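Enquirer: This one is coords_39.cif, mmCIF, C-alpha atoms.
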```
data_data
#
loop_
_atom_site.group_PDB
_atom_site.id
_atom_site.type_symbol
_atom_site.label_atom_id
_atom_site.label_comp_id
_atom_site.auth_asym_id
_atom_site.auth_seq_id
_atom_site.Cartn_x
_atom_site.Cartn_y
_atom_site.Cartn_z
ATOM 1 C CA MET A 19 119.214 83.325 101.394
ATOM 2 C CA ASP A 20 121.333 83.169 98.277
ATOM 3 C CA ALA A 21 119.845 85.606 95.802
ATOM 4 C CA PRO A 22 119.634 84.632 92.135
ATOM 5 C CA ARG A 23 120.891 87.272 89.714
ATOM 6 C CA TYR A 24 118.183 89.251 87.937
ATOM 7 C CA ASP A 25 118.304 92.121 85.483
ATOM 8 C CA PRO A 26 115.757 94.783 86.502
ATOM 9 C CA LEU A 27 113.488 96.232 83.811
ATOM 10 C CA ASP A 28 113.731 99.676 85.424
ATOM 11 C CA PRO A 29 117.289 100.991 85.958
ATOM 12 C CA ALA A 30 115.904 103.333 88.645
ATOM 13 C CA PHE A 31 114.290 100.460 90.586
ATOM 14 C CA ALA A 32 115.995 101.300 93.900
ATOM 15 C CA GLU A 33 114.852 104.923 93.871
ATOM 16 C CA ARG A 34 111.323 103.813 92.918
ATOM 17 C CA VAL A 35 111.224 101.302 95.788
ATOM 18 C CA ARG A 36 112.500 103.912 98.263
ATOM 19 C CA ALA A 37 109.873 106.437 97.119
ATOM 20 C CA SER A 38 107.090 103.855 97.366
ATOM 21 C CA PHE A 39 108.224 102.663 100.797
ATOM 22 C CA ALA A 40 108.241 106.273 102.040
ATOM 23 C CA LYS A 41 104.522 106.495 101.198
ATOM 24 C CA GLN A 42 103.613 103.370 103.179
ATOM 25 C CA GLY A 43 101.774 104.376 106.322
ATOM 26 C CA ALA A 44 101.883 100.854 107.724
ATOM 27 C CA MET A 45 105.681 100.617 107.589
ATOM 28 C CA HIS A 46 106.016 104.100 109.093
ATOM 29 C CA THR A 47 103.571 103.211 111.885
ATOM 30 C CA ILE A 48 105.518 100.124 112.959
ATOM 31 C CA GLY A 49 108.900 101.865 112.614
ATOM 32 C CA ALA A 50 110.208 99.728 109.743
ATOM 33 C CA SER A 51 112.935 100.956 107.391
ATOM 34 C CA LEU A 52 114.568 99.771 104.184
ATOM 35 C CA ALA A 53 117.943 98.212 104.910
ATOM 36 C CA GLU A 54 118.907 96.751 101.515
ATOM 37 C CA ILE A 55 117.603 96.896 97.940
ATOM 38 C CA ALA A 56 118.961 94.750 95.104
ATOM 39 C CA PRO A 57 117.378 93.270 91.966
ATOM 40 C CA GLY A 58 114.988 90.606 93.289
ATOM 41 C CA ARG A 59 115.888 91.174 96.956
ATOM 42 C CA VAL A 60 114.785 93.605 99.668
ATOM 43 C CA VAL A 61 115.571 93.689 103.381
ATOM 44 C CA ILE A 62 113.439 95.595 105.875
ATOM 45 C CA ALA A 63 114.687 96.410 109.375
ATOM 46 C CA LEU A 64 112.264 96.582 112.287
ATOM 47 C CA PRO A 65 113.229 97.612 115.824
ATOM 48 C CA TRP A 66 111.520 95.979 118.809
ATOM 49 C CA ARG A 67 108.933 98.269 120.403
ATOM 50 C CA ALA A 68 106.582 97.442 123.253
ATOM 51 C CA GLU A 69 103.640 98.788 121.213
ATOM 52 C CA LEU A 70 104.163 96.002 118.651
ATOM 53 C CA THR A 71 104.159 93.065 121.069
ATOM 54 C CA GLN A 72 101.635 90.496 122.107
ATOM 55 C CA GLN A 73 100.799 89.605 125.721
ATOM 56 C CA HIS A 74 104.086 87.722 126.356
ATOM 57 C CA GLY A 75 106.312 90.539 125.116
ATOM 58 C CA PHE A 76 107.183 88.941 121.786
ATOM 59 C CA LEU A 77 106.799 90.899 118.562
ATOM 60 C CA HIS A 78 103.235 90.137 117.472
ATOM 61 C CA ALA A 79 102.914 87.651 114.599
ATOM 62 C CA GLY A 80 100.828 90.227 112.718
ATOM 63 C CA MET A 81 103.763 92.651 112.789
ATOM 64 C CA VAL A 82 106.120 89.941 111.548
ATOM 65 C CA ALA A 83 103.706 89.097 108.713
ATOM 66 C CA THR A 84 103.164 92.759 107.819
ATOM 67 C CA ALA A 85 106.863 93.565 107.476
ATOM 68 C CA LEU A 86 107.681 90.265 105.767
ATOM 69 C CA ASP A 87 104.846 90.770 103.257
ATOM 70 C CA SER A 88 106.280 94.199 102.405
ATOM 71 C CA ALA A 89 109.783 92.755 101.985
ATOM 72 C CA CYS A 90 108.430 90.148 99.555
ATOM 73 C CA GLY A 91 106.335 92.711 97.690
ATOM 74 C CA TYR A 92 109.183 95.147 97.289
ATOM 75 C CA ALA A 93 111.524 92.340 96.194
ATOM 76 C CA ALA A 94 109.070 91.603 93.358
ATOM 77 C CA SER A 95 108.747 95.321 92.667
ATOM 78 C CA THR A 96 112.472 95.645 91.958
ATOM 79 C CA LEU A 97 111.958 93.569 88.810
ATOM 80 C CA MET A 98 108.796 95.340 87.576
ATOM 81 C CA PRO A 99 108.580 98.002 84.862
ATOM 82 C CA ALA A 100 108.664 101.575 86.160
ATOM 83 C CA GLU A 101 104.936 102.156 85.603
ATOM 84 C CA ALA A 102 103.754 98.900 87.226
ATOM 85 C CA GLY A 103 102.421 98.311 90.699
ATOM 86 C CA VAL A 104 102.434 95.097 92.690
ATOM 87 C CA LEU A 105 99.831 93.618 95.025
ATOM 88 C CA THR A 106 100.040 90.515 97.184
ATOM 89 C CA ILE A 107 97.412 87.980 96.187
ATOM 90 C CA GLU A 108 98.392 85.202 98.601
ATOM 91 C CA TYR A 109 100.879 84.400 101.314
ATOM 92 C CA LYS A 110 101.568 81.660 103.815
ATOM 93 C CA ILE A 111 103.641 82.270 106.875
ATOM 94 C CA ASN A 112 105.344 79.725 109.097
ATOM 95 C CA LEU A 113 106.085 81.026 112.590
ATOM 96 C CA LEU A 114 109.121 79.042 113.691
ATOM 97 C CA ALA A 115 110.056 80.651 117.016
ATOM 98 C CA PRO A 116 108.875 83.461 119.281
ATOM 99 C CA ALA A 117 109.836 86.847 117.831
ATOM 100 C CA GLN A 118 112.122 87.868 120.652
ATOM 101 C CA GLY A 119 115.004 90.251 120.041
ATOM 102 C CA ASP A 120 116.277 93.808 120.001
ATOM 103 C CA SER A 121 115.460 94.161 116.309
ATOM 104 C CA PHE A 122 114.317 92.134 113.342
ATOM 105 C CA ARG A 123 115.420 91.646 109.751
ATOM 106 C CA MET A 124 112.804 90.764 107.130
ATOM 107 C CA GLU A 125 114.255 89.513 103.859
ATOM 108 C CA GLY A 126 112.234 89.084 100.657
ATOM 109 C CA LEU A 127 113.647 87.234 97.659
ATOM 110 C CA VAL A 128 112.142 86.628 94.222
ATOM 111 C CA VAL A 129 111.989 82.944 93.350
ATOM 112 C CA LYS A 130 110.202 83.331 89.995
ATOM 113 C CA PRO A 131 109.588 86.728 88.409
ATOM 114 C CA GLY A 132 106.774 87.035 85.907
ATOM 115 C CA ARG A 133 104.940 89.549 83.715
ATOM 116 C CA THR A 134 101.688 88.941 85.611
ATOM 117 C CA ILE A 135 102.479 86.760 88.628
ATOM 118 C CA SER A 136 105.680 86.626 90.673
ATOM 119 C CA VAL A 137 106.595 84.190 93.439
ATOM 120 C CA THR A 138 108.727 85.217 96.394
ATOM 121 C CA GLU A 139 110.084 83.771 99.617
ATOM 122 C CA GLY A 140 110.661 85.621 102.840
ATOM 123 C CA ARG A 141 112.609 84.989 105.992
ATOM 124 C CA ALA A 142 112.339 86.871 109.264
ATOM 125 C CA TYR A 143 115.224 86.956 111.707
ATOM 126 C CA ALA A 144 115.377 88.149 115.306
ATOM 127 C CA LEU A 145 118.622 89.901 116.271
ATOM 128 C CA HIS A 146 119.727 89.847 119.891
ATOM 129 C CA GLN A 147 123.175 90.591 121.351
ATOM 130 C CA GLY A 148 124.895 90.028 118.006
ATOM 131 C CA ARG A 149 123.131 86.734 117.325
ATOM 132 C CA GLU A 150 120.578 86.118 114.608
ATOM 133 C CA LYS A 151 117.752 83.576 114.796
ATOM 134 C CA LEU A 152 115.314 82.546 112.049
ATOM 135 C CA ILE A 153 111.802 83.123 113.427
ATOM 136 C CA ALA A 154 109.510 82.893 110.375
ATOM 137 C CA THR A 155 109.354 82.006 106.704
ATOM 138 C CA MET A 156 106.868 83.160 104.097
ATOM 139 C CA GLY A 157 105.864 82.125 100.618
ATOM 140 C CA ALA A 158 104.073 84.934 98.752
ATOM 141 C CA THR A 159 102.466 85.309 95.331
ATOM 142 C CA LEU A 160 102.211 88.797 93.868
ATOM 143 C CA MET A 161 100.345 90.241 90.930
ATOM 144 C CA THR A 162 101.671 92.910 88.579
ATOM 145 C CA ILE A 163 99.220 95.792 88.077
ATOM 146 C CA SER A 164 99.599 97.945 84.954
ATOM 147 C CA GLY A 165 97.456 100.647 83.431
ATOM 148 C CA ARG A 166 95.801 101.817 86.668
ATOM 149 C CA ASP A 167 96.843 105.289 87.730
ATOM 150 C CA HIS A 168 95.869 104.706 91.366
ATOM 151 C CA ILE A 169 98.013 101.551 91.658
ATOM 152 C CA LYS A 170 101.587 102.514 90.948
ATOM 153 C CA HIS A 171 104.719 102.741 92.967
#
```
Let me see whether you can do it: turn the structure in this file into structure tokens.

Expert:
Amino acid sequence: MDAPRYDPLDPAFAERVRASFAKQGAMHTIGASLAEIAPGRVVIALPWRAELTQQHGFLHAGMVATALDSACGYAASTLMPAEAGVLTIEYKINLLAPAQGDSFRMEGLVVKPGRTISVTEGRAYALHQGREKLIATMGATLMTISGRDHIKH
């Protein structure tokens, strides 16, 4: 995806995203890692593991959705003020092909940042023997949370 250019409100956005991601039990559990962070764009890497598959050996759609949701959320987070949190309020995923590969790349991109509501798009790619295949797309809406100590990055 071609990323629009955004000016982050927090100059330390990348460090804040890394610190928040490190606290995410779900991403740790599935073995996901941050691959790229830029204003309005985040990429999460996910290796294939048998424990994350469905009955046919493909990465389970729930794992794809989980990692792609985080990529979209953190993309929105890059443009938030330092004290704000972000929560997904809606997403739709299109599963385009079986999630079959050695690893996966989940890319989140801000389409429309906002003070209260942000809109993002995500794309999931399967990587196998040097080739990349689009396996899912996501549209996600996220809400900015401010003034709540328990919901911060």

Enquirer: If the PyMOL selection byres ((chain A and resi 32) around 12) were run on this exact file, what residues would it hold? Put them as number ranges by chain.

Expert: A: 26-31, 33-39, 52-60, 92-98, 100, 171

Enquirer: Using all atoms listed in the file for the distances, tell me which of A:Ala40, A:Leu86, A:Leu64, A:Ile163 is nearest to Pro99 in chain A.

Expert: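 Closest residue, counting all atoms listed in the file: A:Ile163.
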
Enquirer: What does the structure give for the distance between CA of Lys110 in chain A and CA of His74 in chain A, in Å to one decimal?

Expert: 23.5 Å

Enquirer: Point out the residue among A:Thr159, A:Gly75, A:Ser164, A:Ile48 with the least atom-to-atom distance to Val129 in chain A, counting all atoms listed in the file.

Expert: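 Distance minimum relative to Val129 in chain A lands on A:Thr159.
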
Enquirer: Using all atoms of range 92-111 of chain A listed in the file and a margin of 5 Å per side, can you give the axis-aligned box centre and edge lengths in Å to one decimal, as AutoDock Vina command-line options?

Expert:
```
--center_x 104.9 --center_y 91.9 --center_z 95.9 --size_x 25.1 --size_y 30.5 --size_z 32.0
```

Enquirer: Do you have the CA of Gly49 in chain A-CA of Trp66 in chain A distance handy?

Expert: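 The value is 8.9 Å.
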
Enquirer: Using all atoms listed in the file, collect all residues at a distance of at most 8 Å from (104.3, 96.9, 102.3) as written in the file, then present them as number ranges by chain.

Expert: A: 39, 42, 44-45, 84-85, 87-89, 91-92

Enquirer: Only C-alpha atoms, please: range 116-153 of chain A from the block, as an mmCIF file, in the first residue's frame.

Expert:
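Okay, this is what ended up in result-v1.cif:
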```cif
data_model
loop_
_atom_site.group_PDB
_atom_site.id
_atom_site.type_symbol
_atom_site.label_atom_id
_atom_site.label_comp_id
_atom_site.auth_asym_id
_atom_site.auth_seq_id
_atom_site.Cartn_x
_atom_site.Cartn_y
_atom_site.Cartn_z
ATOM 1 C CA PRO A 116 -5.813 -19.684 2.368
ATOM 2 C CA ALA A 117 -3.144 -18.386 4.752
ATOM 3 C CA GLN A 118 -0.401 -20.704 3.600
ATOM 4 C CA GLY A 119 3.238 -19.692 3.893
ATOM 5 C CA ASP A 120 6.423 -19.707 5.926
ATOM 6 C CA SER A 121 5.567 -16.345 7.472
ATOM 7 C CA PHE A 122 3.071 -13.531 7.198
ATOM 8 C CA ARG A 123 3.198 -9.754 6.934
ATOM 9 C CA MET A 124 0.308 -7.718 8.347
ATOM 10 C CA GLU A 125 0.272 -4.099 7.217
ATOM 11 C CA GLY A 126 -1.945 -1.408 8.755
ATOM 12 C CA LEU A 127 -2.349 1.994 7.122
ATOM 13 C CA VAL A 128 -4.303 5.046 8.269
ATOM 14 C CA VAL A 129 -6.805 6.209 5.672
ATOM 15 C CA LYS A 130 -8.353 9.023 7.743
ATOM 16 C CA PRO A 131 -6.917 10.098 11.092
ATOM 17 C CA GLY A 132 -9.210 11.860 13.522
ATOM 18 C CA ARG A 133 -9.340 13.332 17.030
ATOM 19 C CA THR A 134 -12.016 10.820 18.064
ATOM 20 C CA ILE A 135 -12.391 8.282 15.254
ATOM 21 C CA SER A 136 -9.745 7.032 12.828
ATOM 22 C CA VAL A 137 -10.212 4.789 9.800
ATOM 23 C CA THR A 138 -7.569 2.306 8.714
ATOM 24 C CA GLU A 139 -7.025 -0.375 6.099
ATOM 25 C CA GLY A 140 -5.049 -3.548 6.513
ATOM 26 C CA ARG A 141 -3.552 -6.105 4.202
ATOM 27 C CA ALA A 142 -2.208 -9.518 5.129
ATOM 28 C CA TYR A 143 0.377 -11.246 2.975
ATOM 29 C CA ALA A 144 1.663 -14.815 3.046
ATOM 30 C CA LEU A 145 5.382 -15.188 2.297
ATOM 31 C CA HIS A 146 6.638 -18.444 0.831
ATOM 32 C CA GLN A 147 9.950 -19.154 -0.929
ATOM 33 C CA GLY A 148 10.538 -15.470 -1.667
ATOM 34 C CA ARG A 149 7.050 -14.891 -3.052
ATOM 35 C CA GLU A 150 4.362 -12.772 -1.449
ATOM 36 C CA LYS A 151 0.617 -13.348 -1.809
ATOM 37 C CA LEU A 152 -2.241 -11.134 -0.590
ATOM 38 C CA ILE A 153 -4.446 -13.317 1.633
#
```
